[in-house]
Amino acid sequence: MKEILEVVIKNLVQDTDSVSIEEITSDSEMKYEVRVAQNDMGRVIGKKGKIAQSIRTVMKAVAAKENKKVVVEFID
């Protein structure tokens with residue numbers, strides 16, 4: 001699942017080298033902390049958070065196939 005998230009994020013940003021995704025796993029939940037360059041944060045979040053919400057929706061759909069919960073956080 002981390003690979004899917006990484007592909008989506010890297011296609012949105014200009015500075016792909018600054019993309020960092022940390023995976024924190026517990027029993028039934030996976031948490032991803034996404035860090036991008038400061039000037040790319042707006043591209044990832046989008047107007048009124050619509051792109052960020054879309055990314056979360058895609059990740060929840062992928063996680064549902066594996067019967068897991070997923071949380072995606074965007075860190076400054």
# chains A, B, ... in the order shown; residues from 1 in each chain; ligands from 1
>>> residues_around(residues="Glu66 (chain A)", least_positions_apart="4", cutoff="10 Å", atoms="only C-alpha atoms", output="PyMOL selection string")
chain A and resi 1+28+60-62
>>> write_last_selection(atoms="C-alpha atoms", output="PDB file, in the first residue's frame")
ATOM      1  CA  MET A   1       0.000   0.000   0.000  1.00  0.00           C
ATOM      2  CA  SER A  28      -5.557  -3.605  12.256  1.00  0.00           C
ATOM      3  CA  LYS A  60      -9.197   3.404   2.233  1.00  0.00           C
ATOM      4  CA  ALA A  61     -10.432   1.472  -0.800  1.00  0.00           C
ATOM      5  CA  VAL A  62      -7.104  -0.352  -1.088  1.00  0.00           C
TER       6      VAL A  62
END
>>> closest_residue(among="A:Ile55, A:Val7, A:Lys47, A:Tyr32", to="Glu73 (chain A)", atoms="only C-alpha atoms")
A:Tyr32
>>> atom_distance(atom1="CA of Ala64 (chain A)", atom2="CA of Gly49 (chain A)")
22.3 Å
>>> residues_around(residues="Val70 (chain A)", least_positions_apart="2", cutoff="8 Å", atoms="only C-alpha atoms", output="PyMOL selection string")
chain A and resi 29-32+59-60+63+68+72
>>> closest_residue(among="A:Val71, A:Ile51, A:Val58, A:Val44", to="Val13 (chain A)", atoms="only C-alpha atoms")
A:Val44
>>> atom_distance(atom1="CA of Ile75 (chain A)", atom2="CA of Lys10 (chain A)")
15.4 Å
>>> closest_residue(among="A:Phe74, A:Thr57, A:Lys2, A:Leu12", to="Arg43 (chain A)", atoms="only C-alpha atoms")
A:Leu12
>>> atom_distance(atom1="CA of Arg35 (chain A)", atom2="CA of Ser20 (chain A)")
5.0 Å
>>> closest_residue(among="A:Glu3, A:Lys65, A:Gly46, A:Asp40", to="Glu22 (chain A)", atoms="only C-alpha atoms")
A:Glu3
>>> select_by_dssp(residues="chain A", states="helix (DSSP H, G or I)", output="NGL selection string")
:A and (2-12 or 16-18 or 38-45 or 47-65)
>>> write_last_selection(atoms="C-alpha atoms", output="mmCIF file, in the first residue's frame")
data_model
loop_
_atom_site.group_PDB
_atom_site.id
_atom_site.type_symbol
_atom_site.label_atom_id
_atom_site.label_comp_id
_atom_site.auth_asym_id
_atom_site.auth_seq_id
_atom_site.Cartn_x
_atom_site.Cartn_y
_atom_site.Cartn_z
ATOM 1 C CA LYS A 2 2.885 2.344 0.672
ATOM 2 C CA GLU A 3 3.985 2.002 -2.943
ATOM 3 C CA ILE A 4 0.560 3.093 -4.221
ATOM 4 C CA LEU A 5 0.575 6.146 -1.971
ATOM 5 C CA GLU A 6 4.117 7.002 -3.042
ATOM 6 C CA VAL A 7 3.237 6.847 -6.745
ATOM 7 C CA VAL A 8 0.207 9.100 -6.260
ATOM 8 C CA ILE A 9 2.128 11.680 -4.207
ATOM 9 C CA LYS A 10 5.158 11.750 -6.510
ATOM 10 C CA ASN A 11 2.931 12.394 -9.532
ATOM 11 C CA LEU A 12 1.456 15.451 -7.810
ATOM 12 C CA THR A 16 9.966 14.199 -5.981
ATOM 13 C CA ASP A 17 13.200 13.792 -4.000
ATOM 14 C CA SER A 18 11.690 15.482 -0.957
ATOM 15 C CA GLN A 38 6.900 23.217 1.638
ATOM 16 C CA ASN A 39 6.168 24.597 -1.841
ATOM 17 C CA ASP A 40 4.484 21.301 -2.865
ATOM 18 C CA MET A 41 2.177 21.066 0.157
ATOM 19 C CA GLY A 42 -0.544 23.045 -1.618
ATOM 20 C CA ARG A 43 -0.449 20.647 -4.560
ATOM 21 C CA VAL A 44 -0.961 17.652 -2.284
ATOM 22 C CA ILE A 45 -3.724 19.196 -0.172
ATOM 23 C CA LYS A 47 -8.340 23.609 -2.703
ATOM 24 C CA LYS A 48 -10.356 23.063 0.465
ATOM 25 C CA GLY A 49 -8.490 19.773 0.987
ATOM 26 C CA LYS A 50 -10.143 17.997 -1.939
ATOM 27 C CA ILE A 51 -6.998 16.318 -3.270
ATOM 28 C CA ALA A 52 -5.982 15.163 0.214
ATOM 29 C CA GLN A 53 -9.460 13.728 0.751
ATOM 30 C CA SER A 54 -9.291 11.942 -2.606
ATOM 31 C CA ILE A 55 -5.939 10.408 -1.668
ATOM 32 C CA ARG A 56 -7.429 9.194 1.623
ATOM 33 C CA THR A 57 -10.424 7.711 -0.220
ATOM 34 C CA VAL A 58 -8.189 5.760 -2.604
ATOM 35 C CA MET A 59 -6.086 4.449 0.280
ATOM 36 C CA LYS A 60 -9.197 3.404 2.233
ATOM 37 C CA ALA A 61 -10.432 1.472 -0.800
ATOM 38 C CA VAL A 62 -7.104 -0.352 -1.088
ATOM 39 C CA ALA A 63 -7.068 -1.067 2.661
ATOM 40 C CA ALA A 64 -10.632 -2.390 2.597
ATOM 41 C CA LYS A 65 -9.501 -5.219 0.320
#
>>> closest_residue(among="A:Gln14, A:Ile21, A:Ala37, A:Asp27", to="Asn67 (chain A)", atoms="only C-alpha atoms")
A:Asp27
>>> select_by_dssp(residues="chain A", states="strand (DSSP E or B)", output="MDAnalysis selection string")
chainID A and resid 20:25 29:35 69:75
